[in-house]
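What follows is the content of structure-v9.cif (mmCIF, C-alpha atoms and all ligand atoms).
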```cif
data_target
#
loop_
_atom_site.label_atom_id
_atom_site.label_comp_id
_atom_site.auth_asym_id
_atom_site.auth_seq_id
_atom_site.Cartn_x
_atom_site.Cartn_y
_atom_site.Cartn_z
CA MET A 1 18.29 -16.04 1.79
CA ILE A 2 14.93 -15.56 0.06
CA GLU A 3 14.53 -15.32 -3.71
CA ALA A 4 11.49 -14.42 -5.79
CA ILE A 5 11.90 -15.20 -9.47
CA GLY A 6 9.22 -13.93 -11.85
CA LEU A 7 6.69 -14.53 -9.09
CA THR A 8 3.12 -14.00 -10.33
CA LYS A 9 -0.30 -14.55 -8.76
CA ARG A 10 -3.65 -14.00 -10.45
CA TYR A 11 -7.05 -14.23 -8.79
CA GLY A 12 -9.49 -14.28 -11.71
CA ASN A 13 -8.96 -10.96 -13.45
CA THR A 14 -6.95 -9.45 -10.58
CA VAL A 15 -3.17 -9.64 -10.91
CA ALA A 16 -2.15 -9.49 -7.24
CA VAL A 17 1.57 -10.10 -7.89
CA ASP A 18 3.04 -9.37 -11.29
CA ASP A 19 6.37 -10.91 -12.39
CA LEU A 20 8.15 -10.01 -9.16
CA SER A 21 11.88 -10.76 -8.80
CA PHE A 22 14.00 -9.83 -5.79
CA THR A 23 16.41 -11.30 -3.26
CA VAL A 24 16.57 -10.88 0.50
CA ALA A 25 20.04 -11.22 2.01
CA PRO A 26 20.98 -12.58 5.44
CA GLY A 27 22.32 -10.35 8.21
CA ARG A 28 20.07 -7.40 7.39
CA VAL A 29 16.50 -6.30 7.98
CA THR A 30 14.83 -5.97 4.59
CA GLY A 31 11.66 -3.89 4.44
CA PHE A 32 8.96 -5.08 2.06
CA LEU A 33 7.19 -1.87 1.27
CA GLY A 34 4.08 -0.98 -0.69
CA PRO A 35 0.69 0.67 -0.19
CA ASN A 36 -2.34 -1.38 0.90
CA GLY A 37 -3.28 -3.91 -1.75
CA ALA A 38 0.16 -3.81 -3.42
CA GLY A 39 0.56 -7.59 -3.07
CA LYS A 40 2.82 -7.93 -0.01
CA SER A 41 0.75 -10.50 1.87
CA THR A 42 0.16 -12.55 -1.27
CA THR A 43 3.92 -12.60 -1.95
CA MET A 44 4.70 -13.66 1.62
CA ARG A 45 2.07 -16.40 1.46
CA MET A 46 3.68 -17.74 -1.72
CA ILE A 47 7.15 -17.69 -0.14
CA LEU A 48 5.68 -19.73 2.73
CA GLY A 49 3.97 -22.23 0.46
CA LEU A 50 0.48 -21.14 1.60
CA ASP A 51 -0.49 -19.97 -1.86
CA ARG A 52 0.57 -21.42 -5.19
CA PRO A 53 2.13 -19.00 -7.73
CA THR A 54 0.35 -18.73 -11.09
CA SER A 55 3.87 -18.61 -12.54
CA GLY A 56 7.42 -18.02 -11.35
CA LYS A 57 8.80 -19.27 -8.05
CA ALA A 58 9.81 -18.34 -4.53
CA LEU A 59 12.83 -20.01 -2.93
CA ILE A 60 14.13 -20.20 0.63
CA ASP A 61 17.80 -21.14 0.76
CA GLY A 62 17.48 -22.28 -2.85
CA LYS A 63 14.38 -24.48 -2.42
CA PRO A 64 10.62 -23.97 -2.67
CA TYR A 65 8.97 -24.16 0.78
CA ALA A 66 7.36 -27.53 -0.03
CA GLN A 67 10.79 -29.10 -0.59
CA LEU A 68 12.38 -27.94 2.68
CA ASP A 69 13.46 -30.87 4.85
CA ARG A 70 12.65 -29.19 8.13
CA PRO A 71 10.42 -26.20 7.32
CA LEU A 72 9.97 -24.83 10.86
CA ARG A 73 13.70 -25.01 11.54
CA THR A 74 14.40 -23.19 8.29
CA VAL A 75 11.80 -20.42 8.21
CA GLY A 76 9.50 -18.77 10.76
CA ALA A 77 6.68 -16.34 10.09
CA LEU A 78 4.27 -13.98 11.76
CA LEU A 79 1.33 -13.44 9.45
CA ASP A 80 -1.66 -12.88 11.71
CA ALA A 81 -1.20 -12.63 15.47
CA LYS A 82 -4.89 -13.21 16.20
CA TRP A 83 -5.12 -16.89 15.25
CA VAL A 84 -4.18 -18.19 18.73
CA HIS A 85 -6.95 -20.09 20.57
CA PRO A 86 -8.26 -17.47 23.06
CA ASN A 87 -8.61 -19.92 25.98
CA ARG A 88 -5.10 -21.31 25.70
CA SER A 89 -2.25 -19.77 27.66
CA ALA A 90 0.80 -18.55 25.77
CA ARG A 91 2.82 -21.44 27.17
CA ALA A 92 0.18 -24.06 26.24
CA HIS A 93 -0.08 -22.61 22.73
CA LEU A 94 3.68 -22.77 22.19
CA GLN A 95 3.92 -26.25 23.74
CA TRP A 96 1.25 -27.47 21.33
CA LEU A 97 3.09 -25.84 18.38
CA ALA A 98 6.41 -27.37 19.47
CA LYS A 99 4.95 -30.83 19.98
CA SER A 100 3.08 -30.93 16.70
CA ASN A 101 6.25 -29.95 14.86
CA GLY A 102 8.65 -32.26 16.64
CA LEU A 103 10.51 -29.45 18.42
CA PRO A 104 11.91 -29.86 21.96
CA ALA A 105 9.66 -28.60 24.84
CA ARG A 106 12.56 -26.68 26.43
CA ARG A 107 12.61 -24.37 23.43
CA VAL A 108 9.22 -23.00 24.60
CA GLU A 109 10.78 -21.48 27.73
CA GLU A 110 13.64 -20.05 25.66
CA VAL A 111 11.37 -18.24 23.21
CA LEU A 112 9.05 -16.99 26.00
CA GLU A 113 12.12 -15.47 27.62
CA MET A 114 13.35 -13.98 24.33
CA VAL A 115 10.09 -12.07 23.73
CA GLY A 116 9.60 -11.14 27.39
CA LEU A 117 6.41 -13.14 28.04
CA THR A 118 7.68 -15.51 30.76
CA ALA A 119 5.88 -13.65 33.57
CA VAL A 120 2.50 -13.80 31.80
CA ALA A 121 2.93 -17.20 30.11
CA LYS A 122 0.20 -18.79 32.24
CA ARG A 123 -2.47 -16.25 31.33
CA ARG A 124 -5.01 -17.05 28.62
CA ALA A 125 -3.99 -15.55 25.29
CA GLY A 126 -7.52 -14.20 24.69
CA GLY A 127 -6.86 -11.54 27.33
CA TYR A 128 -3.58 -10.35 25.78
CA SER A 129 -3.12 -6.84 24.43
CA LEU A 130 -2.22 -6.54 20.75
CA GLY A 131 1.43 -5.96 21.67
CA MET A 132 1.51 -9.14 23.78
CA ALA A 133 -0.24 -11.10 21.02
CA GLN A 134 2.41 -9.91 18.55
CA ARG A 135 5.15 -11.06 20.93
CA LEU A 136 3.49 -14.45 21.20
CA GLY A 137 3.29 -14.66 17.40
CA ILE A 138 6.99 -13.83 17.19
CA ALA A 139 7.78 -16.46 19.83
CA GLY A 140 5.97 -19.01 17.66
CA ALA A 141 7.99 -17.97 14.61
CA LEU A 142 11.22 -18.44 16.58
CA LEU A 143 10.40 -21.89 17.99
CA GLY A 144 12.39 -23.78 15.36
CA ASP A 145 15.32 -21.31 15.68
CA PRO A 146 15.07 -20.57 11.93
CA GLN A 147 17.60 -18.56 9.95
CA VAL A 148 14.88 -16.99 7.80
CA LEU A 149 12.02 -14.91 9.24
CA LEU A 150 9.03 -13.21 7.66
CA PHE A 151 6.83 -10.69 9.46
CA ASP A 152 3.69 -9.27 7.83
CA GLU A 153 2.88 -5.75 9.12
CA PRO A 154 4.14 -6.55 12.64
CA VAL A 155 3.76 -3.03 14.04
CA ASN A 156 0.21 -2.37 12.81
CA GLY A 157 -1.88 -1.00 15.66
CA LEU A 158 0.94 -1.04 18.24
CA ASP A 159 1.74 1.83 20.59
CA PRO A 160 5.14 3.60 20.28
CA GLU A 161 6.70 1.38 22.95
CA GLY A 162 5.54 -1.77 21.14
CA ILE A 163 6.81 -0.43 17.81
CA LEU A 164 10.23 0.32 19.29
CA TRP A 165 10.44 -3.14 20.85
CA ILE A 166 9.62 -4.89 17.55
CA ARG A 167 12.06 -2.67 15.63
CA GLN A 168 14.94 -3.45 17.99
CA PHE A 169 14.05 -7.13 18.16
CA MET A 170 14.15 -7.48 14.36
CA GLN A 171 17.46 -5.65 14.17
CA GLY A 172 18.79 -8.04 16.82
CA LEU A 173 17.68 -11.08 14.79
CA ALA A 174 19.41 -9.69 11.69
CA ALA A 175 22.56 -8.94 13.69
CA GLU A 176 22.69 -12.66 14.53
CA GLY A 177 23.02 -13.30 10.79
CA ARG A 178 19.38 -14.18 10.08
CA THR A 179 17.43 -13.19 6.99
CA VAL A 180 14.59 -10.89 8.09
CA LEU A 181 11.83 -9.72 5.73
CA VAL A 182 9.30 -7.29 7.22
CA SER A 183 6.33 -5.88 5.34
CA SER A 184 4.85 -2.46 5.94
CA HIS A 185 2.91 0.23 4.10
CA LEU A 186 4.74 2.98 6.01
CA LEU A 187 8.00 4.27 4.60
CA SER A 188 8.75 6.37 7.67
CA GLU A 189 8.62 3.24 9.86
CA MET A 190 10.73 1.15 7.48
CA ALA A 191 13.27 3.95 7.12
CA LEU A 192 14.04 3.46 10.82
CA THR A 193 13.92 -0.36 10.84
CA ALA A 194 15.31 -1.69 7.57
CA GLN A 195 18.72 -1.44 5.93
CA ASP A 196 17.39 -2.67 2.57
CA LEU A 197 14.07 -2.06 0.85
CA VAL A 198 12.09 -4.02 -1.70
CA VAL A 199 9.39 -1.61 -2.88
CA ILE A 200 6.32 -2.77 -4.81
CA GLY A 201 3.23 -1.07 -6.22
CA LYS A 202 0.26 -2.74 -7.94
CA GLY A 203 2.02 -6.10 -7.72
CA LYS A 204 5.11 -4.89 -9.62
CA ILE A 205 8.62 -4.19 -8.39
CA ILE A 206 9.47 -0.50 -8.16
CA SER A 207 12.92 -0.77 -6.66
CA GLN A 208 15.31 -2.88 -4.66
CA SER A 209 18.10 -0.98 -3.00
CA SER A 210 19.49 0.09 0.33
CA THR A 211 17.13 2.28 2.36
CA THR A 212 19.50 5.24 2.10
CA GLU A 213 19.62 5.00 -1.69
CA PHE A 214 15.84 4.72 -1.95
CA ILE A 215 15.25 7.74 0.22
CA GLU A 216 17.72 9.81 -1.76
CA ARG A 217 16.04 8.83 -5.01
CA ALA A 218 12.49 9.22 -3.72
CA THR A 219 12.97 12.62 -2.18
CA GLU A 220 12.90 15.69 -4.35
CA ASN A 221 15.74 17.97 -3.40
CA SER A 222 15.25 21.67 -3.81
CA VAL A 223 16.94 24.84 -2.60
CA LEU A 224 15.06 27.69 -0.93
CA VAL A 225 16.46 31.15 -1.81
CA ARG A 226 15.42 34.47 -0.30
CA SER A 227 16.92 37.52 -1.96
CA PRO A 228 15.98 41.19 -2.39
CA GLN A 229 17.16 40.63 -6.00
CA ALA A 230 15.11 37.49 -6.65
CA SER A 231 13.81 38.87 -9.94
CA LYS A 232 17.41 39.16 -11.19
CA LEU A 233 18.53 35.76 -9.85
CA GLY A 234 15.53 33.75 -11.16
CA PRO A 235 16.29 34.17 -14.89
CA LEU A 236 20.03 33.54 -14.31
CA LEU A 237 19.17 30.16 -12.75
CA VAL A 238 16.73 29.27 -15.51
CA ASP A 239 19.46 30.05 -18.08
CA LYS A 240 21.62 27.40 -16.38
CA GLY A 241 18.85 24.84 -16.88
CA TYR A 242 17.47 24.73 -13.32
CA THR A 243 13.75 24.80 -12.52
CA VAL A 244 12.72 27.88 -10.57
CA ARG A 245 9.39 28.52 -8.87
CA THR A 246 8.55 31.86 -7.24
CA ASP A 247 6.59 31.36 -4.02
CA ASP A 248 3.90 33.74 -2.69
CA ASP A 249 6.32 35.48 -0.32
CA GLY A 250 8.73 36.19 -3.19
CA SER A 251 11.25 33.47 -2.27
CA LEU A 252 12.55 31.11 -4.96
CA SER A 253 12.35 27.35 -4.89
CA VAL A 254 15.05 25.87 -7.13
CA THR A 255 15.14 22.22 -8.21
CA GLY A 256 17.93 20.49 -10.07
CA ALA A 257 20.67 22.51 -8.37
CA THR A 258 22.62 22.18 -5.13
CA SER A 259 22.81 25.10 -2.72
CA ASP A 260 26.52 25.47 -3.68
CA GLN A 261 25.61 25.91 -7.34
CA VAL A 262 22.92 28.50 -6.54
CA GLY A 263 25.33 30.35 -4.22
CA ASP A 264 28.07 30.40 -6.88
CA ILE A 265 25.73 31.85 -9.51
CA ALA A 266 24.47 34.48 -7.07
CA GLY A 267 28.05 35.41 -6.11
CA ALA A 268 29.26 35.64 -9.71
CA ASN A 269 26.43 38.05 -10.48
CA ALA A 270 26.68 40.12 -7.29
CA VAL A 271 23.22 39.07 -6.10
CA VAL A 272 22.61 39.58 -2.37
CA LEU A 273 21.21 36.52 -0.57
CA HIS A 274 19.26 36.56 2.69
CA GLU A 275 18.72 32.82 2.82
CA LEU A 276 20.05 29.79 0.95
CA SER A 277 18.85 26.46 2.37
CA PRO A 278 18.58 22.93 0.97
CA GLN A 279 15.06 21.42 1.36
CA ARG A 280 13.90 17.83 1.44
CA GLY A 281 10.47 16.73 0.22
CA SER A 282 8.24 14.65 2.45
CA LEU A 283 9.25 11.00 2.37
CA GLU A 284 5.70 9.62 2.56
CA GLN A 285 4.60 11.92 -0.24
CA ALA A 286 7.43 10.82 -2.50
CA PHE A 287 6.72 7.18 -1.70
CA MET A 288 3.01 7.51 -2.51
CA GLN A 289 3.87 9.20 -5.79
CA LEU A 290 6.27 6.40 -6.75
CA THR A 291 3.99 3.53 -5.77
CA GLY A 292 0.73 5.24 -6.81
CA ASP A 293 1.61 5.38 -10.48
CA SER A 294 3.96 2.44 -10.42
CA VAL A 295 2.88 1.31 -13.87
CA GLU A 296 3.63 4.64 -15.51
CA TYR A 297 6.84 5.02 -13.53
CA HIS A 298 7.96 1.59 -14.63
CA ALA A 299 7.25 2.36 -18.28
CA GLU A 300 9.38 5.48 -17.97
CA ILE A 301 12.47 3.82 -16.51
CA GLY A 302 12.17 1.08 -19.12
CA LYS A 303 12.64 3.59 -21.95
N1 LIG B 1 -7.82 -14.66 -2.10
C1 LIG B 1 -7.94 -13.61 -2.91
N2 LIG B 1 -8.89 -13.57 -3.87
C2 LIG B 1 -9.00 -12.49 -4.67
N3 LIG B 1 -8.21 -11.41 -4.66
C3 LIG B 1 -7.24 -11.38 -3.72
C4 LIG B 1 -7.06 -12.47 -2.78
N4 LIG B 1 -6.00 -12.16 -1.99
C5 LIG B 1 -5.58 -10.93 -2.38
N5 LIG B 1 -6.31 -10.47 -3.40
C6 LIG B 1 -6.13 -9.17 -4.11
O1 LIG B 1 -4.76 -9.07 -4.47
C7 LIG B 1 -4.26 -7.75 -4.29
C8 LIG B 1 -3.05 -7.78 -3.36
O2 LIG B 1 -3.47 -8.08 -2.02
P1 LIG B 1 -2.46 -8.28 -0.80
O3 LIG B 1 -3.28 -8.58 0.41
O4 LIG B 1 -1.41 -9.24 -1.17
O5 LIG B 1 -1.82 -6.84 -0.69
P2 LIG B 1 -0.99 -6.20 0.51
O6 LIG B 1 0.08 -5.41 -0.13
O7 LIG B 1 -0.60 -7.24 1.48
O8 LIG B 1 -2.04 -5.22 1.13
P3 LIG B 1 -2.44 -5.01 2.67
O9 LIG B 1 -1.38 -4.16 3.24
O10 LIG B 1 -3.76 -4.29 2.52
O11 LIG B 1 -2.59 -6.37 3.28
C9 LIG B 1 -5.44 -6.94 -3.79
O12 LIG B 1 -6.01 -6.29 -4.90
C10 LIG B 1 -6.36 -7.98 -3.21
O13 LIG B 1 -7.71 -7.52 -3.28
#
```

Rewrite the coordinates I just gave you, this time as C-alpha cells.
Amino acid sequence: MIEAIGLTKRYGNTVAVDDLSFTVAPGRVTGFLGPNGAGKSTTMRMILGLDRPTSGKALIDGKPYAQLDRPLRTVGALLDAKWVHPNRSARAHLQWLAKSNGLPARRVEEVLEMVGLTAVAKRRAGGYSLGMAQRLGIAGALLGDPQVLLFDEPVNGLDPEGILWIRQFMQGLAAEGRTVLVSSHLLSEMALTAQDLVVIGKGKIISQSSTTEFIERATENSVLVRSPQASKLGPLLVDKGYTVRTDDDGSLSVTGATSDQVGDIAGANAVVLHELSPQRGSLEQAFMQLTGDSVEYHAEIGK
C-alpha cells in the first residue's frame, strides 16, 4: 500500500506537487494519470525517497522510504530504463545490483526468466532495443521480490507488442496481490491497463476512483436524434430542461437526457424518429479538459 498525505513539492516559485493525498491499494493496477508536467515523476521520486517533500509525506506500508528496513525487498521501481551501463550485459548489470543490495545471485536468473531476457542475457545492454531495456529495468525492480512497484511511463516509445507485454505483465503482478502504480499521460492506455486511477493536473488531485467511474464522469453523454419533425421535437426537449443543439444536417444533439427519455417524449408527442442513438465523447478530449483547467475545475467542485 502507498499513501500520499498532503504531499507538496516546490522548486523555487514552481509548485510541482500541490497538497496531494491519495492511496494505492494492493492487488490492483493503479494508473497515475496527468498531462506532461503535471507532477507525476516528482511524486514518484518523493515516494521513493529520491526527493524530499516541501511538506506532507509519502508512505510505503505505513513508513517513509528512508525508514524501511529492507527497501529493495519492499519496493521496486522503474524510473528511467536508460541508466544501465551500455557495456555491461543484462546479467552482469543485475548481478551487480543484487550483490550491492545483499540479494541472492540466483534471483538474477529468476527475474531474467520472468521478463523473457534469458536468451539475450549475455549481450551488452547498450545494444538493446527500447523494449528490451524496459524489460531489463523491470527485472531490476523485481530483484528484491517487492510487494510494491512503481513504474514511470513504462510504455513510452514502445511498439504495440511491447505495450501489450508491459500491460499484461503489470496486471499479472497485481493479480499476485502486489501494489502496482503506473504513471502515464495517456488515458486511452490507462483505461486498458488500470483498474483504479489517480488523476492529477498542475500538481493537484483531480480525482481518485475506479477507471470505470472516471470514464463515465469524464465522458459527456449525448443522444443523436434524426427526425423529419426535428423543429417540433427540439422545443419539447428544451421545455424538459435538456440541452439541444441543431447540427448542420438538421439532426439534434441532446445532452442531459438518456435515449429512453428522448424516445418517450417523441412518442408522447407523435414525433416520427429516423434515428435515436446514444453518443460518447472522446475520452482523451474529456481528460484534457479536466486536467487542463484543473484549478478552475477544483474550485467548482469545492463550492
Ligand atoms: N528539479 C526540478 N527543478 C525545477 N523544476 C522542476 C524540477 N523537477 C520538476 N520540475 C517542474 O515540476 C513540474 C512537474 O514535473 P514532473 O516531471 O513531476 O511532471 P510529470 O507529470 O512527471 O511530467 P512528464 O510526464 O513530462 O514527466 C514541471 O513544471 C517541472 O518543470

Original post:
Within 9 Å of ligand LIG 1 (chain B), counting all atoms listed in the file: which residues, as a ChimeraX atom specification?
Top reply: /A:9-17,33-45,152-153,183-185,200-203

**OP:** Would you please work out which residue, of A:Val108, A:Met190, A:Val180, A:Ile138, is nearest to A:Ile2 when using all atoms listed in the file?
**Re:**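 Among the listed residues, the smallest separation from A:Ile2 belongs to A:Val180.
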
Subject >> Residue nearest A:Ile166 - candidates A:Val238, A:Ala119, A:Val29, A:Leu72, atoms counted: only C-alpha atoms >> reply: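 Comparing A:Val238, A:Ala119, A:Val29, A:Leu72 against A:Ile166, the winner is A:Val29.
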
**OP:** Could you please determine the separation between atom CA of A:Lys63 and atom CA of A:Arg107 in Å, to one decimal place?
**Re:**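 Interatomic distance here is 25.9 Å.
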
Subject >> Nearest candidate to A:Pro64 (options A:Asp51, A:Asp247, A:Asp159, A:Asp264; using all atoms listed in the file) >> reply: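 Using all atoms listed in the file, the shortest distance to A:Pro64 belongs to A:Asp51.
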
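The nearest approach to A:Gln147 among the residues A:Pro53, A:Gly6, A:Pro228, A:Gly27, with all atoms listed in the file taken into account, belongs to A:Gly27.
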
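Residues near the point (9.9, -15.1, 17.4), at a distance of 10 Å or less over all atoms listed in the file, make up Gly76, Ala77, Leu78, Val111, Leu112, Met114, Val115, Gln134, Arg135, Leu136, Gly137, Ile138, Ala139, Gly140, Ala141, Leu142, Leu143, Gly144, Asp145, Pro146, Leu149, Leu150, Phe151, Phe169, Met170 and Leu173 of chain A.
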
Original post:
If we count only C-alpha atoms, what is near A:Leu187 at a cut-off of 12 Å, once residues fewer than 6 positions away on the same chain are taken out, given as a list in words?
Top reply: Gly31, Phe32, Leu33, Gly34, Pro35, Thr193, Ala194, Asp196, Leu197, Val198, Val199, Ile200, Thr211, Thr212, Phe214, Ile215, Ala218, Thr219, Ser282, Leu283, Glu284, Gln285, Ala286, Phe287, Met288, Leu290 and Thr291 of chain A

Output C-alpha atoms for every residue in the selection just made, as a CSV table (one decimal), keeping the file's coordinate frame.
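In the end it all went to part.csv:
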```csv
chain,number,residue,atom,x,y,z
A,31,GLY,CA,11.7,-3.9,4.4
A,32,PHE,CA,9.0,-5.1,2.1
A,33,LEU,CA,7.2,-1.9,1.3
A,34,GLY,CA,4.1,-1.0,-0.7
A,35,PRO,CA,0.7,0.7,-0.2
A,193,THR,CA,13.9,-0.4,10.8
A,194,ALA,CA,15.3,-1.7,7.6
A,196,ASP,CA,17.4,-2.7,2.6
A,197,LEU,CA,14.1,-2.1,0.8
A,198,VAL,CA,12.1,-4.0,-1.7
A,199,VAL,CA,9.4,-1.6,-2.9
A,200,ILE,CA,6.3,-2.8,-4.8
A,211,THR,CA,17.1,2.3,2.4
A,212,THR,CA,19.5,5.2,2.1
A,214,PHE,CA,15.8,4.7,-2.0
A,215,ILE,CA,15.2,7.7,0.2
A,218,ALA,CA,12.5,9.2,-3.7
A,219,THR,CA,13.0,12.6,-2.2
A,282,SER,CA,8.2,14.6,2.4
A,283,LEU,CA,9.2,11.0,2.4
A,284,GLU,CA,5.7,9.6,2.6
A,285,GLN,CA,4.6,11.9,-0.2
A,286,ALA,CA,7.4,10.8,-2.5
A,287,PHE,CA,6.7,7.2,-1.7
A,288,MET,CA,3.0,7.5,-2.5
A,290,LEU,CA,6.3,6.4,-6.8
A,291,THR,CA,4.0,3.5,-5.8
```

**OP:** Would you please work out which residue, of A:Arg91, A:Val24, A:His85, A:Lys99, is nearest to A:Leu117 when using all atoms listed in the file?
**Re:**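 Ranking A:Arg91, A:Val24, A:His85, A:Lys99 by distance to A:Leu117, first place goes to A:Arg91.
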
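The interatomic distance for the pair atom CA of A:Tyr65 and atom CA of A:Leu186 works out to 28.0 Å.
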
**OP:** May I ask which of the residues A:Val225, A:Ala266, A:Ile205, A:Ala174 is the closest one to A:Asp249, counting all atoms listed in the file?
**Re:**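 Among the listed residues, the smallest separation from A:Asp249 belongs to A:Val225.
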
Enclose stretch 238-252 of chain A, meaning all of its atoms listed in the file, in a box aligned along x, y and z, pad it by 3 Å on each side, and list the centre and edge lengths in Å to one decimal, as JSON.
```
{"center_x": 12.8, "center_y": 30.5, "center_z": -9.2, "size_x": 23.7, "size_y": 17.5, "size_z": 23.8}
```

**OP:** Provide the atom CA of A:Asn87 to atom CA of A:Arg124 distance in Å, to one decimal place.
**Re:** 5.3 Å

Restore N, CA and C atoms in stretch 231-249 of chain A and list the result as a short mmCIF file (atom, residue, chain, number, x, y, z; two decimals), in the coordinates of the input.
```cif
data_model
loop_
_atom_site.label_atom_id
_atom_site.label_comp_id
_atom_site.auth_asym_id
_atom_site.auth_seq_id
_atom_site.Cartn_x
_atom_site.Cartn_y
_atom_site.Cartn_z
N SER A 231 14.24 38.75 -8.54
CA SER A 231 13.81 38.87 -9.94
C SER A 231 15.01 38.88 -10.89
N LYS A 232 16.19 39.21 -10.36
CA LYS A 232 17.41 39.16 -11.19
C LYS A 232 17.98 37.72 -11.18
N LEU A 233 17.94 37.10 -9.99
CA LEU A 233 18.53 35.76 -9.85
C LEU A 233 17.73 34.69 -10.60
N GLY A 234 16.39 34.78 -10.54
CA GLY A 234 15.53 33.75 -11.16
C GLY A 234 15.93 33.44 -12.60
N PRO A 235 15.94 34.44 -13.49
CA PRO A 235 16.29 34.17 -14.89
C PRO A 235 17.72 33.62 -15.07
N LEU A 236 18.65 34.05 -14.20
CA LEU A 236 20.03 33.54 -14.31
C LEU A 236 20.05 32.03 -14.06
N LEU A 237 19.22 31.58 -13.08
CA LEU A 237 19.17 30.16 -12.75
C LEU A 237 18.48 29.36 -13.86
N VAL A 238 17.44 29.94 -14.41
CA VAL A 238 16.73 29.27 -15.51
C VAL A 238 17.66 29.10 -16.70
N ASP A 239 18.48 30.14 -16.97
CA ASP A 239 19.46 30.05 -18.08
C ASP A 239 20.40 28.88 -17.92
N LYS A 240 20.70 28.52 -16.63
CA LYS A 240 21.62 27.40 -16.38
C LYS A 240 20.90 26.05 -16.46
N GLY A 241 19.59 26.10 -16.72
CA GLY A 241 18.85 24.84 -16.88
C GLY A 241 18.14 24.37 -15.62
N TYR A 242 18.15 25.15 -14.55
CA TYR A 242 17.47 24.73 -13.32
C TYR A 242 16.00 25.15 -13.37
N THR A 243 15.17 24.44 -12.58
CA THR A 243 13.75 24.80 -12.52
C THR A 243 13.53 25.74 -11.35
N VAL A 244 12.90 26.87 -11.61
CA VAL A 244 12.72 27.88 -10.57
C VAL A 244 11.24 28.20 -10.41
N ARG A 245 10.78 28.14 -9.15
CA ARG A 245 9.39 28.52 -8.87
C ARG A 245 9.43 29.69 -7.89
N THR A 246 8.61 30.73 -8.17
CA THR A 246 8.55 31.86 -7.24
C THR A 246 7.38 31.63 -6.30
N ASP A 247 7.66 31.60 -4.99
CA ASP A 247 6.59 31.36 -4.02
C ASP A 247 5.88 32.68 -3.70
N ASP A 248 4.73 32.56 -2.99
CA ASP A 248 3.90 33.74 -2.69
C ASP A 248 4.66 34.84 -1.97
N ASP A 249 5.58 34.46 -1.09
CA ASP A 249 6.32 35.48 -0.32
C ASP A 249 7.52 36.02 -1.09
#
```
